[in-house]
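Notes to accompany the following structure.
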Amino acid sequence: HFLHCYFSLLPFCVCLLLPNLAAPASNPTAATAPPLHLPPTAAAMKPSSPTAAVGTALHLVKTPNFVKFAAVALLSLSVALLFYHHPSFPSAAFSAFTFASNSSPTAVPANSTSTALNSTSIAANTTSTILKVKKLPPPPPSVAQRTGIVDENGAMTEDFDVGEFDPSLMEELRDLKGGAEETEKRNEPEIVKYGKFKPCDESKIDYIPCLDSFERHCPDSTLVCIIPMPNGYQKSLPWPRSRDELWLHNVPDTRLVQDQGSQYSMSVKDDKISFQDGGSDQYLNLVSQMVPEIDFGHQTRIALDIGSGIGSFAASLFKYNVVTLSIGTKDVHKNQIQFALERGLPAMVAGFGARRLPYASQAFDLIRCSGSGIDLTVDNGVLLLEVNRLLRAGRYFVWGGPQVDSNHERSLEDQWKEMEDLAARICWQLVKKEGNVGIWCKPLNNSCYLGREIGAQPPLCSSSEDPDNVWYVNMTACITPLPKDGNGGNVSVWPARLHSPPDRLQSIKMDAMISRKELMKAESRYWNEIIGSYVRAFHWKEQNFRNVLDMRAGFGGFAAALNDLELTSWVMNVVPVNGFNTLPVIYDRGLLGVMHDWYAHFPPLVFIHIQVRN
């Protein structure tokens with residue numbers, strides 16, 4: 001606005017000066033200048049020659065008014081050029097003159113100013129000056145809050161914000177997919193009738209689906225009824241009381257108590273079954289003295305007890321902060337594992353025969369097989385080779401029973417020699433033998449395997465064979481080689497290993513390549529933030545939940561969060577076969593896990609709380 005007024009007044013000022021250009025100045029201050037005397041003949045006639053015209057022009061130039069006019073014109077031209085070549089200057093100098101609005105500010109260019117000066121002695125071309133003013137830059141966009149687990153560089157990060165959910169986005173997505181009709185159908189009232197499943201007959205109280213005496217085999221048809229509880233079933237006793245006694249009627253078949261009660265150190269008293277120590281603590285003290293490097297509760301965190309029956313070994317190891325999975329088969333005493341589960345001990349019915357057990361390679365820090373009647377050397381040692389697959393590199397196998405101390409019977413001595421020979425051929429080192437206990441150590445690397453003679457038996461497994469492919473995969477009589485990078489045998493001690501991403505995290509098959517550690521930490525952080533709500537909502541401590549099943553475990557973050565709260569619960573982490581096989585990571589963290597296909601039957605387990613997700 002200021003420039004517009006300035007250039008509008010400029011022609012008016014010029015017009016005021018034009019009448020004075022034809023005559024001498026009349027102000028008193030100009031009297032001091034000497035008058036110009038012209039000859040009479042020249043003054044009376046008009047200049048007709050170029051010389052006379054030049055003289056007249058010089059006379060006009062020397063007048064003070066012309067000097068003032070020239071100064072004003074030059075100053076105006078200078079200001080116009082300044083604003084034309086420096087467009088940022090007006091926006092800074094005259095920003096106070098712009099009017100603000102709710103929309104982005106816009107500068108209006110000044111009107112064109114045209115100045116025409118006509119004179120009989122000076123001819124000036126018409127000039128037009130257009131002042132261009134740039135638009136003010138728009139304000140910077142507001143920075144949106146970053147959500148998700150990807151940082152500004154596109155890398156995964158554990159420092160993330162979930163953000164808020166916008167329901168309108170789902171409507172837009174549904175419209176893009178052509179789901180408008182589905183939305184209309186969904187809004188229509190739907191009447192659904194729910195029927196009740198009838199209970200099965202009492203003969204199915206101890207029914208075990210998909211499992212015969214030794215192997216898993218699912219029939220073509222399945223039951224469409226609810227397995228009934230045993231007659232007189234009561235809520236399990238709270239831990240740790242349940243470790244030493246359980247309700248008599250909670251176990252469908254109690255013949256084991258009558259037939260082998262003294263062997264398992266259990267007895268019936270009133271309406272409960274009581275369990276005595278039976279020398280388990282002395283047994284563990286002996287093992288610790290024989291091999292101090294076992295270091296229960298630190299180096300040894302996860303153990304497997306093959307053919308354990310009622311879980312006495314696992315009950316004793318809990319005192320050392322060791323989680324022991326007891327596995328057994330269905331025999332004449334029906335389901336022995338039911339005893340262990342009712343006591344609140346990790347246990348599964350698993351056939352140890354022709355197929356691989358559904359656990360990861362190098363899963364267990366210690367494996368024990370004692371007094372189970374299982375011959376590990378039959379069929380070219382295929383069962384012991386399966387134990388070798390499950391045992392972590394550099395860790396220990398404990399074999400107990402009368403066959404170890406075979407100084408009395410020839411048949412027992414032959415069993416010991418066969419076991420000792422096979423263990424040496426698979427590069428196990430006999431660390432200690434004392435009484436009825438023999439302890440071997442698995443090698444840390446493949447150097448012993450590669451140093452064997454050509455054609456040595458059993459051979460190494462093919463490099464194309466995946467040791468973690470366990471669902472309905474037959475055992476093979478070959479030695480599972482160890483990873484060249486040492487993964488699996490280089491885990492931290494407990495409890496540091498629970499939250500330390502293991503090296504095997506980088507070797508499992510996943511769709512994430514470089515962000516696996518961040519994914520695992522993000523899962524742990526997620527469960528640590530919400531686990532308190534679980535505990536309060538389910539009254540966890542008052543209910544004293546003990547046996548917990550996570551049906552889709554991921555990296556085991558749910559179980560790790562429960563452990564951080566120091567709750568008296570153990571978790572069976574299930575990894576579905578149609579997802580990423582994270583079982584090696586779960587075991588490397590010091591947790592229990594199993595692979596399963598949820599389209600098939602799960603082995604019978606007693607879980608107080610089942611965690612269902614996705």
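How things are named: the first chain in the structure tokens is A, the next is B, and so on; residues count from 1 in each chain; ligands count from 1 in the order shown.
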
Every residue of range 272-518 of chain A that DSSP places in strand (DSSP E or B), as a ChimeraX atom specification: /A:272-275,296,300,302-306,323-328,331,334,347-349,355,364-370,391-400,429-434,437-441,460,474,479

Residues near Lys484 in chain A, cut-off 12 Å, only C-alpha atoms, skip fewer than 6 positions along chain, as a list in words: Ala393, Leu444, Asn445, Asn446, Ser447, Ser463, Asn490, Arg504 and Ser507 of chain A

Filtering to N, CA and C atoms, could you give me those residues as a PDB file, in the first residue's frame?
ATOM      1  N   ALA A 393      24.726 -78.445  23.223  1.00  0.00           N
ATOM      2  CA  ALA A 393      26.172 -78.683  23.087  1.00  0.00           C
ATOM      3  C   ALA A 393      26.896 -78.331  24.383  1.00  0.00           C
ATOM      4  N   LEU A 444      31.256 -79.677  22.237  1.00  0.00           N
ATOM      5  CA  LEU A 444      30.868 -78.296  21.952  1.00  0.00           C
ATOM      6  C   LEU A 444      30.845 -77.983  20.468  1.00  0.00           C
ATOM      7  N   ASN A 445      31.579 -78.761  19.653  1.00  0.00           N
ATOM      8  CA  ASN A 445      31.661 -78.467  18.224  1.00  0.00           C
ATOM      9  C   ASN A 445      31.777 -79.770  17.444  1.00  0.00           C
ATOM     10  N   ASN A 446      32.018 -79.660  16.143  1.00  0.00           N
ATOM     11  CA  ASN A 446      32.043 -80.825  15.255  1.00  0.00           C
ATOM     12  C   ASN A 446      33.430 -81.422  15.059  1.00  0.00           C
ATOM     13  N   SER A 447      34.426 -80.951  15.787  1.00  0.00           N
ATOM     14  CA  SER A 447      35.791 -81.416  15.538  1.00  0.00           C
ATOM     15  C   SER A 447      35.917 -82.916  15.753  1.00  0.00           C
ATOM     16  N   SER A 463      23.362 -82.477   5.396  1.00  0.00           N
ATOM     17  CA  SER A 463      23.300 -81.040   5.634  1.00  0.00           C
ATOM     18  C   SER A 463      21.935 -80.462   5.260  1.00  0.00           C
ATOM     19  N   ASN A 490      26.001 -71.550  23.144  1.00  0.00           N
ATOM     20  CA  ASN A 490      26.617 -70.349  23.697  1.00  0.00           C
ATOM     21  C   ASN A 490      25.607 -69.461  24.410  1.00  0.00           C
ATOM     22  N   ARG A 504      20.746 -67.847  18.124  1.00  0.00           N
ATOM     23  CA  ARG A 504      19.912 -68.647  17.215  1.00  0.00           C
ATOM     24  C   ARG A 504      18.702 -67.867  16.695  1.00  0.00           C
ATOM     25  N   SER A 507      19.141 -67.325  13.046  1.00  0.00           N
ATOM     26  CA  SER A 507      19.189 -68.466  12.130  1.00  0.00           C
ATOM     27  C   SER A 507      17.831 -69.102  11.871  1.00  0.00           C
TER      28      SER A 507
END

Which of A:Phe538, A:Phe352, A:Trp527, A:Trp440 sits closest to Asn474 in chain A [using only C-alpha atoms]: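 Nearest candidate to Asn474 in chain A out of A:Phe538, A:Phe352, A:Trp527, A:Trp440: A:Phe352.
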
Range 425-431 of chain A surroundings by only C-alpha atoms, 7 Å radius, close-in-sequence under 2 positions cut, as a ChimeraX atom specification: /A:421-423,439-443,448-449,479

Between CA of Glu418 in chain A and CA of Leu384 in chain A, distance in Å (one decimal): 11.5 Å

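Comparing A:Ala553, A:Ala561, A:Ala600, A:Ile205 by their smallest distance to Phe580 in chain A, the closest is A:Ala553 (using only C-alpha atoms).
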
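One finds CA of Gly307 in chain A at 12.9 Å from CA of Leu383 in chain A.
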
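Using only C-alpha atoms, the residues found no farther than 12 Å from Met290 in chain A, other than those of its own chain fewer than 2 positions away, are Tyr283, Leu284, Asn285, Leu286, Val287, Ser288, Pro292, Glu293, Ile294, Asp295, Tyr396, Val398, Leu430, Val431, Lys432, Lys433, Glu434, Gly435, Val437, Gly438, Ile439 and Trp440 of chain A.
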
Among the residues A:Ser265, A:Asn388, A:Thr300, A:Asn436, the one that comes closest to Asp405 in chain A [using only C-alpha atoms]: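 Between A:Ser265, A:Asn388, A:Thr300, A:Asn436, the residue approaching Asp405 in chain A most closely is A:Asn436.
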
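Atom pair CA of Gly593 in chain A / CA of Pro358 in chain A has a distance of 8.8 Å (rounded to one decimal).
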
Nearest to Ala303 in chain A, chosen from A:Asp365, A:Asp259, A:Asp220, A:Glu245, with only C-alpha atoms counted in the distances: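 Once distances to Ala303 in chain A are computed over only C-alpha atoms, the minimum belongs to A:Asp365.
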
With only C-alpha atoms counted and 12 Å as the cut-off, give the residues of range 290-345 of chain A in contact with range 540-546 of chain A, each with its shortest interatomic distance in Å and the pair that gives it, as a tab-separated table.
residue	atom	partner	partner_atom	distance
A:Leu341	CA	A:Arg546	CA	9.7
A:Glu342	CA	A:Arg546	CA	9.9
A:Arg343	CA	A:Arg546	CA	9.4
A:Gly344	CA	A:Arg546	CA	6.1
A:Leu345	CA	A:Arg546	CA	8.6

Residue contacts of Phe555 in chain A (10 Å, only C-alpha atoms) excluding same-chain residues fewer than 6 positions away, as JSON, numbers by chain: {"A": [501, 505, 519, 520, 521, 523, 524, 573, 575, 580, 581, 582, 583, 584, 585, 586, 587, 589, 591]}

Please produce an output containing N, CA and C atoms for each residue in the selection, written as a PDB file, in the first residue's frame.
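And here's again_24.pdb as it stands now:
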ATOM      1  N   PRO A 501      18.664 -61.613  23.756  1.00  0.00           N
ATOM      2  CA  PRO A 501      18.346 -62.266  22.476  1.00  0.00           C
ATOM      3  C   PRO A 501      19.421 -63.276  22.101  1.00  0.00           C
ATOM      4  N   LEU A 505      18.448 -66.718  17.269  1.00  0.00           N
ATOM      5  CA  LEU A 505      17.386 -65.867  16.755  1.00  0.00           C
ATOM      6  C   LEU A 505      17.650 -65.455  15.311  1.00  0.00           C
ATOM      7  N   LEU A 519      12.249 -57.109  17.356  1.00  0.00           N
ATOM      8  CA  LEU A 519      10.945 -57.753  17.446  1.00  0.00           C
ATOM      9  C   LEU A 519      10.789 -58.489  18.767  1.00  0.00           C
ATOM     10  N   MET A 520      11.828 -59.214  19.180  1.00  0.00           N
ATOM     11  CA  MET A 520      11.766 -59.950  20.442  1.00  0.00           C
ATOM     12  C   MET A 520      11.653 -58.990  21.624  1.00  0.00           C
ATOM     13  N   LYS A 521      12.429 -57.901  21.601  1.00  0.00           N
ATOM     14  CA  LYS A 521      12.364 -56.939  22.694  1.00  0.00           C
ATOM     15  C   LYS A 521      11.024 -56.220  22.714  1.00  0.00           C
ATOM     16  N   GLU A 523       8.148 -57.496  21.757  1.00  0.00           N
ATOM     17  CA  GLU A 523       7.169 -58.418  22.327  1.00  0.00           C
ATOM     18  C   GLU A 523       7.289 -58.464  23.845  1.00  0.00           C
ATOM     19  N   SER A 524       8.519 -58.506  24.356  1.00  0.00           N
ATOM     20  CA  SER A 524       8.723 -58.541  25.808  1.00  0.00           C
ATOM     21  C   SER A 524       8.192 -57.267  26.449  1.00  0.00           C
ATOM     22  N   ASN A 573       4.738 -73.179  26.255  1.00  0.00           N
ATOM     23  CA  ASN A 573       4.648 -72.298  25.096  1.00  0.00           C
ATOM     24  C   ASN A 573       4.472 -73.135  23.829  1.00  0.00           C
ATOM     25  N   VAL A 575       4.123 -73.490  19.813  1.00  0.00           N
ATOM     26  CA  VAL A 575       4.451 -72.861  18.534  1.00  0.00           C
ATOM     27  C   VAL A 575       3.675 -73.607  17.448  1.00  0.00           C
ATOM     28  N   PHE A 580       6.109 -69.255  12.285  1.00  0.00           N
ATOM     29  CA  PHE A 580       7.566 -69.298  12.364  1.00  0.00           C
ATOM     30  C   PHE A 580       7.982 -70.198  13.525  1.00  0.00           C
ATOM     31  N   ASN A 581       8.981 -71.033  13.279  1.00  0.00           N
ATOM     32  CA  ASN A 581       9.443 -71.955  14.310  1.00  0.00           C
ATOM     33  C   ASN A 581      10.376 -71.219  15.270  1.00  0.00           C
ATOM     34  N   THR A 582       9.803 -70.688  16.335  1.00  0.00           N
ATOM     35  CA  THR A 582      10.575 -69.957  17.340  1.00  0.00           C
ATOM     36  C   THR A 582      10.937 -70.828  18.537  1.00  0.00           C
ATOM     37  N   LEU A 583      10.739 -72.147  18.434  1.00  0.00           N
ATOM     38  CA  LEU A 583      11.068 -73.040  19.550  1.00  0.00           C
ATOM     39  C   LEU A 583      12.528 -72.921  19.994  1.00  0.00           C
ATOM     40  N   PRO A 584      13.513 -72.851  19.065  1.00  0.00           N
ATOM     41  CA  PRO A 584      14.891 -72.703  19.538  1.00  0.00           C
ATOM     42  C   PRO A 584      15.096 -71.462  20.394  1.00  0.00           C
ATOM     43  N   VAL A 585      14.444 -70.366  20.042  1.00  0.00           N
ATOM     44  CA  VAL A 585      14.589 -69.139  20.827  1.00  0.00           C
ATOM     45  C   VAL A 585      13.949 -69.305  22.196  1.00  0.00           C
ATOM     46  N   ILE A 586      12.785 -69.937  22.254  1.00  0.00           N
ATOM     47  CA  ILE A 586      12.099 -70.142  23.529  1.00  0.00           C
ATOM     48  C   ILE A 586      12.969 -70.955  24.485  1.00  0.00           C
ATOM     49  N   TYR A 587      13.574 -72.015  23.994  1.00  0.00           N
ATOM     50  CA  TYR A 587      14.421 -72.839  24.861  1.00  0.00           C
ATOM     51  C   TYR A 587      15.724 -72.125  25.221  1.00  0.00           C
ATOM     52  N   ARG A 589      16.005 -69.107  25.816  1.00  0.00           N
ATOM     53  CA  ARG A 589      15.658 -68.139  26.865  1.00  0.00           C
ATOM     54  C   ARG A 589      15.431 -68.808  28.214  1.00  0.00           C
ATOM     55  N   LEU A 591      12.950 -71.291  28.708  1.00  0.00           N
ATOM     56  CA  LEU A 591      11.519 -71.559  28.835  1.00  0.00           C
ATOM     57  C   LEU A 591      11.181 -72.878  28.156  1.00  0.00           C
TER      58      LEU A 591
END

Among the residues A:Tyr359, A:Tyr264, A:Trp494, A:Trp399, the one that comes closest to Gly373 in chain A [using only C-alpha atoms]: A:Trp399

Selection near Gly311 in chain A, 8 Å with only C-alpha atoms, sequence-local residues under 5 positions removed, as a list in words: Ser326, Ile337, Phe339, Ala340, Leu345 and Ala347 of chain A

Go ahead and save the picked residues with N, CA and C atoms, as a PDB file, in the first residue's frame.
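Written file, out35.pdb:
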ATOM      1  N   SER A 326       8.703 -83.604  32.263  1.00  0.00           N
ATOM      2  CA  SER A 326       8.617 -85.065  32.391  1.00  0.00           C
ATOM      3  C   SER A 326       7.752 -85.603  31.268  1.00  0.00           C
ATOM      4  N   ILE A 337       1.301 -89.545  33.670  1.00  0.00           N
ATOM      5  CA  ILE A 337       1.598 -88.119  33.601  1.00  0.00           C
ATOM      6  C   ILE A 337       0.531 -87.306  34.331  1.00  0.00           C
ATOM      7  N   PHE A 339      -0.528 -87.736  37.230  1.00  0.00           N
ATOM      8  CA  PHE A 339      -0.040 -87.494  38.584  1.00  0.00           C
ATOM      9  C   PHE A 339       0.834 -86.231  38.618  1.00  0.00           C
ATOM     10  N   ALA A 340       1.749 -86.142  37.667  1.00  0.00           N
ATOM     11  CA  ALA A 340       2.661 -85.006  37.645  1.00  0.00           C
ATOM     12  C   ALA A 340       1.914 -83.695  37.408  1.00  0.00           C
ATOM     13  N   LEU A 345       3.408 -79.992  38.065  1.00  0.00           N
ATOM     14  CA  LEU A 345       4.728 -80.186  37.477  1.00  0.00           C
ATOM     15  C   LEU A 345       4.601 -80.275  35.951  1.00  0.00           C
ATOM     16  N   ALA A 347       4.641 -81.670  32.445  1.00  0.00           N
ATOM     17  CA  ALA A 347       4.642 -83.054  31.984  1.00  0.00           C
ATOM     18  C   ALA A 347       3.817 -83.168  30.712  1.00  0.00           C
TER      19      ALA A 347
END
